[in-house]
Structures are given as C-alpha cells and as structure tokens.
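Asker: Contents of protein-v8.pdb (PDB, C-alpha atoms) are given next:
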```pdb
ATOM      1  CA  MET T1401       0.000   0.000   0.000
ATOM      2  CA  ASN T1402       1.548   3.337  -1.048
ATOM      3  CA  SER T1403       1.357   6.518   1.036
ATOM      4  CA  GLU T1404      -1.508   7.983  -0.988
ATOM      5  CA  GLN T1405      -3.596   4.833  -0.537
ATOM      6  CA  SER T1406      -2.774   4.864   3.173
ATOM      7  CA  ASP T1407      -3.872   8.494   3.442
ATOM      8  CA  ARG T1408      -7.218   7.600   1.902
ATOM      9  CA  ARG T1409      -8.020   5.047   4.581
ATOM     10  CA  THR T1410     -10.662   5.993   7.099
ATOM     11  CA  ASP T1411      -9.513   7.536  10.379
ATOM     12  CA  VAL T1412     -11.564   8.348  13.476
ATOM     13  CA  TRP T1413     -12.372  11.850  12.195
ATOM     14  CA  SER T1414     -13.482  10.890   8.702
ATOM     15  CA  ASP T1415     -15.264   7.782   9.980
ATOM     16  CA  TRP T1416     -17.402   9.917  12.264
ATOM     17  CA  LEU T1417     -18.013  12.806   9.886
ATOM     18  CA  LEU T1418     -18.801  10.677   6.852
ATOM     19  CA  HIS T1419     -20.476   7.711   8.561
ATOM     20  CA  ARG T1420     -21.101   7.564  12.328
ATOM     21  CA  ARG T1421     -22.469  11.098  12.672
ATOM     22  CA  HIS T1422     -25.527  10.114  10.645
ATOM     23  CA  ALA T1423     -25.282   6.288  10.957
ATOM     24  CA  ASP T1424     -25.005   5.976   7.153
ATOM     25  CA  ASP T1425     -28.708   6.786   6.954
ATOM     26  CA  PRO T1426     -29.460   9.118   4.002
ATOM     27  CA  GLU T1427     -32.634  10.593   5.485
ATOM     28  CA  TYR T1428     -31.000  11.299   8.844
ATOM     29  CA  ASP T1429     -27.965  12.695   7.024
ATOM     30  CA  ARG T1430     -30.190  15.295   5.376
ATOM     31  CA  VAL T1431     -31.572  16.316   8.773
ATOM     32  CA  VAL T1432     -28.104  16.571  10.331
ATOM     33  CA  ARG T1433     -26.680  18.433   7.344
ATOM     34  CA  ALA T1434     -29.413  21.064   7.504
ATOM     35  CA  ILE T1435     -28.549  21.715  11.155
ATOM     36  CA  ILE T1436     -24.803  21.860  10.445
ATOM     37  CA  GLU T1437     -25.387  24.300   7.610
ATOM     38  CA  ARG T1438     -27.202  26.625  10.025
ATOM     39  CA  TYR T1439     -24.200  26.498  12.357
ATOM     40  CA  ALA T1440     -21.880  27.220   9.434
ATOM     41  CA  ASP T1441     -23.979  30.162   8.276
ATOM     42  CA  ARG T1442     -23.883  31.696  11.729
ATOM     43  CA  VAL T1443     -20.083  31.330  11.768
ATOM     44  CA  LEU T1444     -19.933  33.095   8.409
ATOM     45  CA  ASP T1445     -22.247  35.850   9.635
ATOM     46  CA  GLY T1446     -19.739  36.491  12.408
ATOM     47  CA  ALA T1447     -16.795  36.296  10.010
ATOM     48  CA  GLN T1448     -17.951  39.361   8.022
ATOM     49  CA  LEU T1449     -16.128  38.256   4.887
ATOM     50  CA  ALA T1450     -15.543  40.665   2.016
ATOM     51  CA  PRO T1451     -14.453  40.225  -1.606
ATOM     52  CA  GLY T1452     -10.735  39.597  -1.952
ATOM     53  CA  CYS T1453     -10.351  38.133   1.541
ATOM     54  CA  THR T1454      -8.290  35.108   2.488
ATOM     55  CA  LEU T1455     -10.124  32.745   4.833
ATOM     56  CA  ALA T1456      -8.422  30.048   6.892
ATOM     57  CA  ASP T1457     -11.026  27.412   7.768
ATOM     58  CA  ILE T1458      -9.335  25.398  10.495
ATOM     59  CA  GLY T1459     -10.438  21.780  10.909
ATOM     60  CA  ALA T1460     -12.415  22.168   7.711
ATOM     61  CA  GLY T1461     -13.720  18.596   7.617
ATOM     62  CA  GLU T1462     -15.800  18.135   4.487
ATOM     63  CA  GLY T1463     -15.560  21.869   3.795
ATOM     64  CA  ILE T1464     -19.058  23.073   4.655
ATOM     65  CA  VAL T1465     -17.900  26.435   6.070
ATOM     66  CA  ALA T1466     -15.342  26.990   3.294
ATOM     67  CA  PHE T1467     -17.679  26.158   0.424
ATOM     68  CA  ARG T1468     -20.560  28.190   1.833
ATOM     69  CA  ALA T1469     -18.137  31.105   2.202
ATOM     70  CA  ILE T1470     -17.258  30.812  -1.500
ATOM     71  CA  ASP T1471     -20.971  30.675  -2.329
ATOM     72  CA  ARG T1472     -21.416  33.965  -0.459
ATOM     73  CA  ILE T1473     -18.401  35.908  -1.716
ATOM     74  CA  GLY T1474     -17.647  34.424  -5.102
ATOM     75  CA  PRO T1475     -14.437  33.811  -7.068
ATOM     76  CA  SER T1476     -12.391  36.550  -5.354
ATOM     77  CA  LEU T1477     -12.328  34.652  -2.052
ATOM     78  CA  ARG T1478      -9.264  32.533  -1.345
ATOM     79  CA  VAL T1479      -9.795  29.705   1.139
ATOM     80  CA  LEU T1480      -7.215  27.684   3.060
ATOM     81  CA  LEU T1481      -8.747  24.441   4.333
ATOM     82  CA  THR T1482      -6.739  22.758   7.078
ATOM     83  CA  ASP T1483      -7.457  19.454   8.773
ATOM     84  CA  ILE T1484      -5.576  16.832  10.748
ATOM     85  CA  SER T1485      -7.257  14.063   8.725
ATOM     86  CA  PRO T1486      -5.814  13.177   5.292
ATOM     87  CA  PRO T1487      -8.990  11.283   4.261
ATOM     88  CA  LEU T1488     -11.121  14.332   5.009
ATOM     89  CA  LEU T1489      -8.790  16.597   3.050
ATOM     90  CA  HIS T1490      -9.016  14.212   0.077
ATOM     91  CA  HIS T1491     -12.807  14.195   0.421
ATOM     92  CA  ALA T1492     -13.036  17.997   0.620
ATOM     93  CA  GLU T1493     -10.702  18.407  -2.348
ATOM     94  CA  ALA T1494     -12.872  16.077  -4.429
ATOM     95  CA  LEU T1495     -15.924  18.130  -3.474
ATOM     96  CA  SER T1496     -14.137  21.339  -4.473
ATOM     97  CA  VAL T1497     -13.543  19.859  -7.931
ATOM     98  CA  GLU T1498     -17.214  18.855  -8.210
ATOM     99  CA  ARG T1499     -18.268  22.387  -7.220
ATOM    100  CA  GLY T1500     -15.847  23.999  -9.665
ATOM    101  CA  VAL T1501     -13.994  25.951  -6.948
ATOM    102  CA  ARG T1502     -10.739  23.978  -6.723
ATOM    103  CA  PRO T1503      -8.562  26.924  -7.921
ATOM    104  CA  GLN T1504      -9.755  28.994  -4.954
ATOM    105  CA  CYS T1505      -8.832  26.339  -2.389
ATOM    106  CA  THR T1506      -5.591  25.299  -0.734
ATOM    107  CA  PHE T1507      -5.606  22.094   1.344
ATOM    108  CA  LEU T1508      -3.181  21.721   4.247
ATOM    109  CA  GLN T1509      -2.761  18.812   6.648
ATOM    110  CA  CYS T1510      -2.014  20.218  10.089
ATOM    111  CA  ALA T1511      -3.371  20.380  13.622
ATOM    112  CA  ALA T1512      -5.274  23.418  14.849
ATOM    113  CA  ASP T1513      -2.598  24.170  17.438
ATOM    114  CA  ASP T1514       0.301  23.863  14.964
ATOM    115  CA  LEU T1515      -0.274  25.962  11.853
ATOM    116  CA  LYS T1516       3.358  26.447  10.883
ATOM    117  CA  GLN T1517       2.457  25.975   7.209
ATOM    118  CA  LEU T1518       0.640  29.317   7.409
ATOM    119  CA  GLY T1519       2.706  32.473   7.642
ATOM    120  CA  ASP T1520       2.388  35.258  10.204
ATOM    121  CA  ALA T1521      -0.342  37.795   9.378
ATOM    122  CA  SER T1522      -1.256  35.872   6.213
ATOM    123  CA  VAL T1523      -5.070  35.611   6.415
ATOM    124  CA  ASP T1524      -7.992  37.971   6.952
ATOM    125  CA  VAL T1525     -10.411  35.612   8.714
ATOM    126  CA  VAL T1526     -10.122  32.422  10.775
ATOM    127  CA  THR T1527     -13.119  30.142  11.284
ATOM    128  CA  THR T1528     -13.759  26.876  13.103
ATOM    129  CA  ARG T1529     -16.814  24.699  13.579
ATOM    130  CA  ALA T1530     -16.564  21.922  16.178
ATOM    131  CA  VAL T1531     -12.752  21.857  16.174
ATOM    132  CA  LEU T1532     -11.419  23.332  19.411
ATOM    133  CA  ALA T1533     -13.583  20.872  21.346
ATOM    134  CA  TYR T1534     -11.107  18.141  20.391
ATOM    135  CA  VAL T1535      -7.858  20.112  20.797
ATOM    136  CA  ALA T1536      -6.010  19.428  24.041
ATOM    137  CA  ASP T1537      -4.232  22.806  24.129
ATOM    138  CA  LYS T1538      -6.946  25.261  23.156
ATOM    139  CA  GLY T1539      -4.834  28.216  24.257
ATOM    140  CA  ALA T1540      -2.101  27.200  21.810
ATOM    141  CA  ALA T1541      -4.642  26.926  19.002
ATOM    142  CA  LEU T1542      -5.998  30.404  19.670
ATOM    143  CA  ARG T1543      -2.465  31.801  19.762
ATOM    144  CA  GLU T1544      -1.898  30.244  16.347
ATOM    145  CA  PHE T1545      -5.133  31.796  15.050
ATOM    146  CA  HIS T1546      -3.972  35.179  16.352
ATOM    147  CA  ARG T1547      -0.542  34.749  14.750
ATOM    148  CA  ILE T1548      -1.791  33.975  11.247
ATOM    149  CA  LEU T1549      -4.365  36.782  11.231
ATOM    150  CA  ARG T1550      -3.491  40.152   9.773
ATOM    151  CA  PRO T1551      -3.958  43.134  12.121
ATOM    152  CA  GLY T1552      -7.666  43.831  12.207
ATOM    153  CA  GLY T1553      -8.409  40.261  11.116
ATOM    154  CA  ARG T1554     -11.468  38.500  12.443
ATOM    155  CA  LEU T1555     -12.070  35.218  14.289
ATOM    156  CA  SER T1556     -15.452  33.480  14.171
ATOM    157  CA  ILE T1557     -16.002  30.062  15.744
ATOM    158  CA  ALA T1558     -18.783  27.703  16.785
ATOM    159  CA  GLU T1559     -17.947  25.001  19.306
ATOM    160  CA  PRO T1560     -20.057  22.378  21.078
ATOM    161  CA  VAL T1561     -19.911  22.215  24.874
ATOM    162  CA  PHE T1562     -19.914  18.655  26.227
ATOM    163  CA  GLN T1563     -19.115  19.468  29.848
ATOM    164  CA  ASP T1564     -22.692  18.929  31.045
ATOM    165  CA  ASP T1565     -22.739  15.469  29.453
ATOM    166  CA  ALA T1566     -19.587  14.566  31.362
ATOM    167  CA  PHE T1567     -21.024  15.999  34.575
ATOM    168  CA  ALA T1568     -24.133  13.850  34.070
ATOM    169  CA  ALA T1569     -21.963  10.733  33.619
ATOM    170  CA  ARG T1570     -20.027  11.650  36.769
ATOM    171  CA  ALA T1571     -23.275  12.161  38.705
ATOM    172  CA  LEU T1572     -24.449   8.685  37.691
ATOM    173  CA  LYS T1573     -21.165   7.177  38.849
ATOM    174  CA  THR T1574     -21.364   9.036  42.178
ATOM    175  CA  LEU T1575     -24.922   7.845  42.697
ATOM    176  CA  ILE T1576     -23.949   4.244  42.032
ATOM    177  CA  ASP T1577     -20.771   4.376  44.111
ATOM    178  CA  THR T1578     -22.469   5.895  47.159
ATOM    179  CA  ARG T1579     -25.504   3.604  47.280
ATOM    180  CA  PRO T1580     -25.472   0.240  49.088
ATOM    181  CA  ALA T1581     -24.629  -2.680  46.822
ATOM    182  CA  GLY T1582     -27.730  -4.061  45.143
ATOM    183  CA  SER T1583     -29.887  -1.005  45.888
ATOM    184  CA  VAL T1584     -29.320   0.875  42.611
ATOM    185  CA  ASN T1585     -31.912   0.582  39.872
ATOM    186  CA  ARG T1586     -30.634  -1.894  37.299
ATOM    187  CA  PHE T1587     -31.298   0.370  34.346
ATOM    188  CA  LEU T1588     -29.233   3.165  35.939
ATOM    189  CA  LEU T1589     -26.276   0.791  36.078
ATOM    190  CA  LEU T1590     -26.586   0.100  32.360
ATOM    191  CA  LEU T1591     -27.226   3.766  31.589
ATOM    192  CA  HIS T1592     -24.002   4.680  33.364
ATOM    193  CA  ARG T1593     -22.081   1.984  31.493
ATOM    194  CA  TRP T1594     -23.263   3.492  28.204
ATOM    195  CA  LYS T1595     -22.596   7.118  29.139
ATOM    196  CA  ALA T1596     -19.180   6.373  30.676
ATOM    197  CA  ALA T1597     -18.106   4.846  27.358
ATOM    198  CA  GLN T1598     -18.794   8.157  25.593
ATOM    199  CA  TYR T1599     -17.904  10.771  28.241
ATOM    200  CA  PRO T1600     -15.450  10.855  31.160
ATOM    201  CA  ASP T1601     -17.211  10.077  34.446
ATOM    202  CA  THR T1602     -14.571  11.021  37.045
ATOM    203  CA  GLU T1603     -13.123  14.372  38.073
ATOM    204  CA  GLU T1604      -9.689  13.289  36.880
ATOM    205  CA  GLY T1605     -11.081  12.053  33.585
ATOM    206  CA  ILE T1606     -12.970  15.287  33.021
ATOM    207  CA  GLN T1607      -9.871  17.370  33.689
ATOM    208  CA  GLN T1608      -7.843  15.305  31.219
ATOM    209  CA  SER T1609     -10.468  15.222  28.466
ATOM    210  CA  PRO T1610     -10.336  17.930  25.767
ATOM    211  CA  ILE T1611     -14.082  17.590  25.179
ATOM    212  CA  ALA T1612     -15.016  18.061  28.839
ATOM    213  CA  ASN T1613     -12.395  20.176  30.603
ATOM    214  CA  TYR T1614     -13.588  23.569  29.383
ATOM    215  CA  SER T1615     -16.668  25.775  29.478
ATOM    216  CA  GLU T1616     -17.831  28.646  27.314
ATOM    217  CA  ARG T1617     -16.146  31.060  29.738
ATOM    218  CA  ASP T1618     -12.841  29.267  29.277
ATOM    219  CA  LEU T1619     -13.041  29.921  25.536
ATOM    220  CA  VAL T1620     -13.407  33.637  26.264
ATOM    221  CA  ARG T1621     -10.421  33.480  28.597
ATOM    222  CA  PHE T1622      -8.292  31.619  26.050
ATOM    223  CA  ALA T1623      -9.172  34.142  23.331
ATOM    224  CA  GLN T1624      -8.257  37.101  25.497
ATOM    225  CA  ALA T1625      -5.015  35.501  26.664
ATOM    226  CA  ALA T1626      -4.083  34.920  22.991
ATOM    227  CA  GLY T1627      -4.291  38.660  22.370
ATOM    228  CA  PHE T1628      -7.735  39.031  20.805
ATOM    229  CA  GLY T1629      -9.946  42.036  21.443
ATOM    230  CA  GLY T1630     -13.566  42.846  20.712
ATOM    231  CA  ILE T1631     -14.548  39.430  22.014
ATOM    232  CA  HIS T1632     -18.222  38.516  21.916
ATOM    233  CA  MET T1633     -19.492  35.132  23.098
ATOM    234  CA  GLU T1634     -22.978  33.655  22.973
ATOM    235  CA  LEU T1635     -23.949  30.348  24.555
ATOM    236  CA  HIS T1636     -26.962  28.789  22.873
ATOM    237  CA  ILE T1637     -28.795  26.039  24.742
ATOM    238  CA  ASP T1638     -31.670  24.637  22.731
ATOM    239  CA  ILE T1639     -34.087  22.114  24.199
ATOM    240  CA  ALA T1640     -35.941  20.701  21.227
ATOM    241  CA  PRO T1641     -37.607  17.529  19.965
ATOM    242  CA  SER T1642     -35.027  14.849  19.311
ATOM    243  CA  ILE T1643     -33.993  14.524  15.679
ATOM    244  CA  VAL T1644     -33.301  10.808  16.228
ATOM    245  CA  THR T1645     -36.558   8.872  16.069
ATOM    246  CA  SER T1646     -35.227   5.608  14.628
ATOM    247  CA  TRP T1647     -33.819   3.002  17.001
ATOM    248  CA  ASP T1648     -31.455   1.772  14.301
ATOM    249  CA  VAL T1649     -30.043   5.270  13.752
ATOM    250  CA  PHE T1650     -29.765   5.751  17.499
ATOM    251  CA  LEU T1651     -27.758   2.536  17.788
ATOM    252  CA  ARG T1652     -25.351   3.253  14.929
ATOM    253  CA  SER T1653     -24.676   6.989  15.444
ATOM    254  CA  SER T1654     -22.475   8.612  18.057
ATOM    255  CA  PRO T1655     -22.464  12.103  19.623
ATOM    256  CA  HIS T1656     -18.857  13.022  18.795
ATOM    257  CA  PRO T1657     -15.835  11.537  16.977
ATOM    258  CA  LEU T1658     -14.213  10.137  20.113
ATOM    259  CA  ALA T1659     -17.347   8.278  21.224
ATOM    260  CA  PRO T1660     -18.144   4.736  20.075
ATOM    261  CA  ALA T1661     -21.633   4.125  18.746
ATOM    262  CA  LEU T1662     -24.126   2.626  21.173
ATOM    263  CA  SER T1663     -24.216  -0.548  19.074
ATOM    264  CA  VAL T1664     -20.483  -1.023  19.704
ATOM    265  CA  ILE T1665     -20.871  -0.395  23.433
ATOM    266  CA  LEU T1666     -23.738  -2.876  23.670
ATOM    267  CA  ALA T1667     -21.776  -5.512  21.759
ATOM    268  CA  GLU T1668     -18.570  -5.088  23.756
ATOM    269  CA  GLN T1669     -19.767  -4.269  27.275
ATOM    270  CA  PHE T1670     -23.278  -5.755  27.635
ATOM    271  CA  SER T1671     -24.401  -9.351  27.823
ATOM    272  CA  ALA T1672     -27.132 -10.540  25.471
ATOM    273  CA  GLU T1673     -29.652 -10.397  28.308
ATOM    274  CA  GLU T1674     -28.531  -6.871  29.272
ATOM    275  CA  ARG T1675     -28.862  -5.710  25.660
ATOM    276  CA  HIS T1676     -32.395  -7.075  25.526
ATOM    277  CA  PHE T1677     -33.344  -5.400  28.812
ATOM    278  CA  PHE T1678     -31.765  -2.079  27.801
ATOM    279  CA  GLU T1679     -33.652  -2.020  24.498
ATOM    280  CA  GLN T1680     -36.937  -2.890  26.199
ATOM    281  CA  VAL T1681     -36.593   0.113  28.495
ATOM    282  CA  PHE T1682     -34.939   2.695  26.254
ATOM    283  CA  ARG T1683     -36.251   2.048  22.763
ATOM    284  CA  PRO T1684     -39.710   3.447  23.570
ATOM    285  CA  VAL T1685     -38.012   6.615  24.840
ATOM    286  CA  VAL T1686     -36.059   7.059  21.607
ATOM    287  CA  GLU T1687     -39.104   6.429  19.423
ATOM    288  CA  ASP T1688     -41.412   8.670  21.469
ATOM    289  CA  PRO T1689     -42.161  11.791  19.364
ATOM    290  CA  LYS T1690     -42.269  13.808  22.591
ATOM    291  CA  SER T1691     -38.611  13.053  23.441
ATOM    292  CA  VAL T1692     -36.371  16.099  23.651
ATOM    293  CA  THR T1693     -32.624  16.683  23.602
ATOM    294  CA  ALA T1694     -30.351  19.532  24.673
ATOM    295  CA  ASP T1695     -27.947  21.149  22.214
ATOM    296  CA  ARG T1696     -25.209  23.443  23.590
ATOM    297  CA  ILE T1697     -23.209  25.565  21.159
ATOM    298  CA  VAL T1698     -20.833  28.471  21.795
ATOM    299  CA  TYR T1699     -20.453  31.168  19.157
ATOM    300  CA  LEU T1700     -17.469  33.448  19.639
ATOM    301  CA  THR T1701     -16.186  36.317  17.518
ATOM    302  CA  ALA T1702     -13.116  38.477  18.090
ATOM    303  CA  ARG T1703     -10.589  40.680  16.285
ATOM    304  CA  LYS T1704      -6.829  40.878  16.206
ATOM    305  CA  PRO T1705      -5.956  44.457  17.244
ATOM    306  CA  LEU T1706      -4.787  46.762  14.460
ATOM    307  CA  ASP T1707      -1.678  47.438  16.508
ATOM    308  CA  PRO T1708      -0.173  43.958  16.921
ATOM    309  CA  SER T1709       1.976  45.176  19.812
ATOM    310  CA  SER T1710      -1.070  46.127  21.856
ATOM    311  CA  GLN T1711      -2.482  43.615  24.297
ATOM    312  CA  PRO T1712      -6.117  43.759  25.431
ATOM    313  CA  PRO T1713      -6.395  44.433  29.168
ATOM    314  CA  GLN T1714      -6.963  41.389  31.317
ATOM    315  CA  ILE T1715     -10.383  40.878  32.831
ATOM    316  CA  VAL T1716     -10.461  41.972  36.443
ATOM    317  CA  ASN T1717     -13.361  40.650  38.457
ATOM    318  CA  PRO T1718     -14.563  42.978  41.207
TER     319      PRO T1718
END
```
Show me the file's structure as structure tokens.

Answerer:
Amino acid sequence: MNSEQSDRRTDVWSDWLLHRRHADDPEYDRVVRAIIERYADRVLDGAQLAPGCTLADIGAGEGIVAFRAIDRIGPSLRVLLTDISPPLLHHAEALSVERGVRPQCTFLQCAADDLKQLGDASVDVVTTRAVLAYVADKGAALREFHRILRPGGRLSIAEPVFQDDAFAARALKTLIDTRPAGSVNRFLLLLHRWKAAQYPDTEEGIQQSPIANYSERDLVRFAQAAGFGGIHMELHIDIAPSIVTSWDVFLRSSPHPLAPALSVILAEQFSAEERHFFEQVFRPVVEDPKSVTADRIVYLTARKPLDPSSQPPQIVNP
C-alpha cells in the first residue's frame, strides 16, 4: 500500500463525519446536514467576509464552512482548508472539484494548534466549527489563530460544549458508588455503562479530556489571553424535539468523533440479556415523538488588534 492509498483510509475523524455522525442513513444525514449548515452560516455571519479576503477554515472537515463562504463571496475569495485528517482533506478536495472551486482552495494537513504551514499575518479571517472541542491545548490553538491573522483580522467560531454530558456521567457514577450494593436501579447501572463509554465520568477524567475540561467562559479566557480584542461570546442552549426517532439510527450513530456508537458499546460491554433489557426500556423513549434533547453551542467572535503590539487588558473581576 503506497502513502496515498494509506492516506485515503478511514480515520476516526473521517469515519465519524462521513459515517457515524448520521449512521449511514441518508434521510437522517439530510436532517443533520441542515442543522450543520445553520451552524456554518452563523459562523460566516460572524466572520464578516468581504471580496478579496483570504479565509483560513481550520479543521475544515468536508468543507461546509469553506464552500458556503465561496458561495457567499464568489471567485475573489481565497480559502485555506486545514485538517488533521488526510482522508477528510481528500474528500473535501474532491468536493471542491465537483463544485468547480478547486482553484480557490488550498488544502493543508495540520493540527489546529500547529499551523506552521501558514505564515504570520497571512489571512484575513479564521473560522472553526466543532474543532477546538477536540484540541487538548486550546490556548495554543488560539495563539496560532492570532498569529496567522493580519492586524484587524477576524475570528469566528462555533464550538459544542460537552461538559454537562460529562457531569451527568459523573453524577451517575457518584450515585452508584455511594448507594449500598444491590440497591441501585438496574437500568441506571446500564445507563451509566453506556454514558461512561462516551464521556469521562470522574473528576480526573474530566480534567484530562479535551471535550469536557472547558466551558464557554474558558473559551473567552483563552481568546483574550491569545491577544484578541472585541470578544463577543454567545452560549446557545436549545431544548428541542429529538432529531433521532429511529432506534437503528440511534444505535449506529455517536455524539462526537471520540465516542463509540451505542451498538459497539452494547456488543462489547453488555451481555445478550442486558442488551435485551436495555432495548426494552430505552427504545420506547427514543421512538417517542415527545422526546427532547439539549444542544449546547458556543459562538465566539473576536478581532486581532490593528496594533499587533497592543495587548487587550486582562479581565479583572470585582
């Protein structure tokens, strides 16, 4: 197998984005894609792109933000699409050819916290969508964003917040650990086993997990420490009817790239009898049209000061 063939193999990022996110279900994929496009459009609203700009879309994935930016601005926009995943870069490049925008795009394999392929003050706008959530050193990533932006350049990001999910897993573990043996509801034991496979359930695990060890306020702090000014953050928490109404989709999808699908957890960590019991209890919940889910997204915009030597004052709490 040559290096190009190796690069085209599926990795955890492309596997999730192209398969597990929507469980390879075309109808559910359309629902998910419509939601993702709304997130991307809000990022682009915050980016305030103009003709002739250079946009660095960090962690571009399949290129939704980048391609929608080109749709908005037209052929004068230059877009740099970076991603840590070679398969996703290959996929996005193929899409750029299909869309007839390949000459406007540059594809770079690199991590969000190591953008050495991009020069200092080389881009006008930096965007991310669900990228920093998976970066261990978010401060380093934001310093890199600041470095590559021209003075006056703009940052616009949208990031999920998974901390509450981890806190819920930890609460289940605490409940189980502090109750007398045999007194905990059986389904809660299985519920914890499922949730602990997708989110850290201990204080130490939460602190070590890039998806759980930060809040929306931490993102503000990281942005200010990196040198950004004009910072505006909005936390959106939407409680809405669940978009997953199929048990099969529920089994085969997963909430984030680092989480195994429920079907994998059931196969590897549950006995046949436990799987049957779990489905008996939880399937009606999934298929109930009244079921709701919580979606937590942070939108943050900021600017690199026109005077690169200036540093925004640090926040002082009274």

Asker: Please report the interatomic distance between CA of Leu1417 in chain T and CA of Glu1462 in chain T in Å with one decimal.

Answerer: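 Between CA of Leu1417 in chain T and CA of Glu1462 in chain T the gap is 7.9 Å.
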
Asker: In Å, how far is it from CA of Gly1463 in chain T to CA of Val1479 in chain T?

Answerer: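 Pair CA of Gly1463 in chain T / CA of Val1479 in chain T returns 10.1 Å.
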
Asker: Separation of CA of His1636 in chain T and CA of Arg1442 in chain T, in Å?

Answerer: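 CA of His1636 in chain T sits 11.9 Å away from CA of Arg1442 in chain T.
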
Asker: Hey, what comes out of the PyMOL selection byres ((chain T and resi 1483) around 8) on this file? Could you write it as a list of chain:residue names?

Answerer: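 For this structure, the PyMOL selection byres ((chain T and resi 1483) around 8) resolves to T:Ile1458, T:Gly1459, T:Ala1460, T:Gly1461, T:Leu1481, T:Thr1482, T:Ile1484, T:Ser1485, T:Pro1486, T:Leu1488, T:Leu1489, T:Leu1508, T:Gln1509, T:Cys1510, T:Ala1511, T:Ala1512.
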
Asker: Please return the centre and edge lengths, in Å to one decimal, of a box with edges along x, y and z that contains all listed atoms of range 1596-1606 of chain T, widened by 3 Å on every side, as JSON.

Answerer:
```
{"center_x": -14.4, "center_y": 10.1, "center_z": 31.8, "size_x": 15.5, "size_y": 16.4, "size_z": 18.5}
```

Asker: Which residues fall under the PyMOL selection byres ((chain T and resi 1572) around 10) in this file, as a list in words?

Answerer: Ala1566, Phe1567, Ala1568, Ala1569, Arg1570, Ala1571, Lys1573, Thr1574, Leu1575, Ile1576, Asp1577, Leu1588, Leu1589, Leu1591, His1592, Arg1593, Lys1595, Ala1596 and Asp1601 of chain T

Asker: Compile the contact shell of Arg1438 in chain T as a VMD selection string: residues with an atom at most 12 Å away, counting all atoms listed in the file, same-chain residues fewer than 2 positions apart removed.

Answerer: chain T and resid 1431 to 1436 1440 to 1445 1464 to 1465 1468 1529 1558 1697

Asker: Mind checking which residues fall within 12 Å of Pro1655 in chain T, counting all atoms listed in the file, ignoring those fewer than 3 positions away in the same chain, and posting them as a PyMOL selection string?

Answerer: chain T and resi 1416-1417+1420-1423+1432+1530+1560-1562+1565+1595+1597-1599+1611+1644+1649-1652+1658-1662+1693-1695

Asker: Where does the PyMOL selection byres ((chain T and resi 1705) around 7) land in this file, that is, which residues does it pick, as a list in words?

Answerer: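 Evaluating the PyMOL selection byres ((chain T and resi 1705) around 7) on these coordinates yields Pro1551, Gly1552, Phe1628, Gly1629, Arg1703, Lys1704, Leu1706, Asp1707, Pro1708 and Ser1710 of chain T.
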
Asker: Considering all atoms listed in the file, can you say which of T:Asp1618, T:Pro1641, T:Ala1667, T:Glu1674 comes closest to Glu1687 in chain T?

Answerer: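 For Glu1687 in chain T, the nearest of the given residues is T:Pro1641.
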
Asker: Name all residues at most 10 Å from Asp1514 in chain T (count only C-alpha atoms; drop same-chain ones fewer than 6 positions away) and give them as an MDAnalysis selection string.

Answerer: chainID T and resid 1540:1541 1543:1545
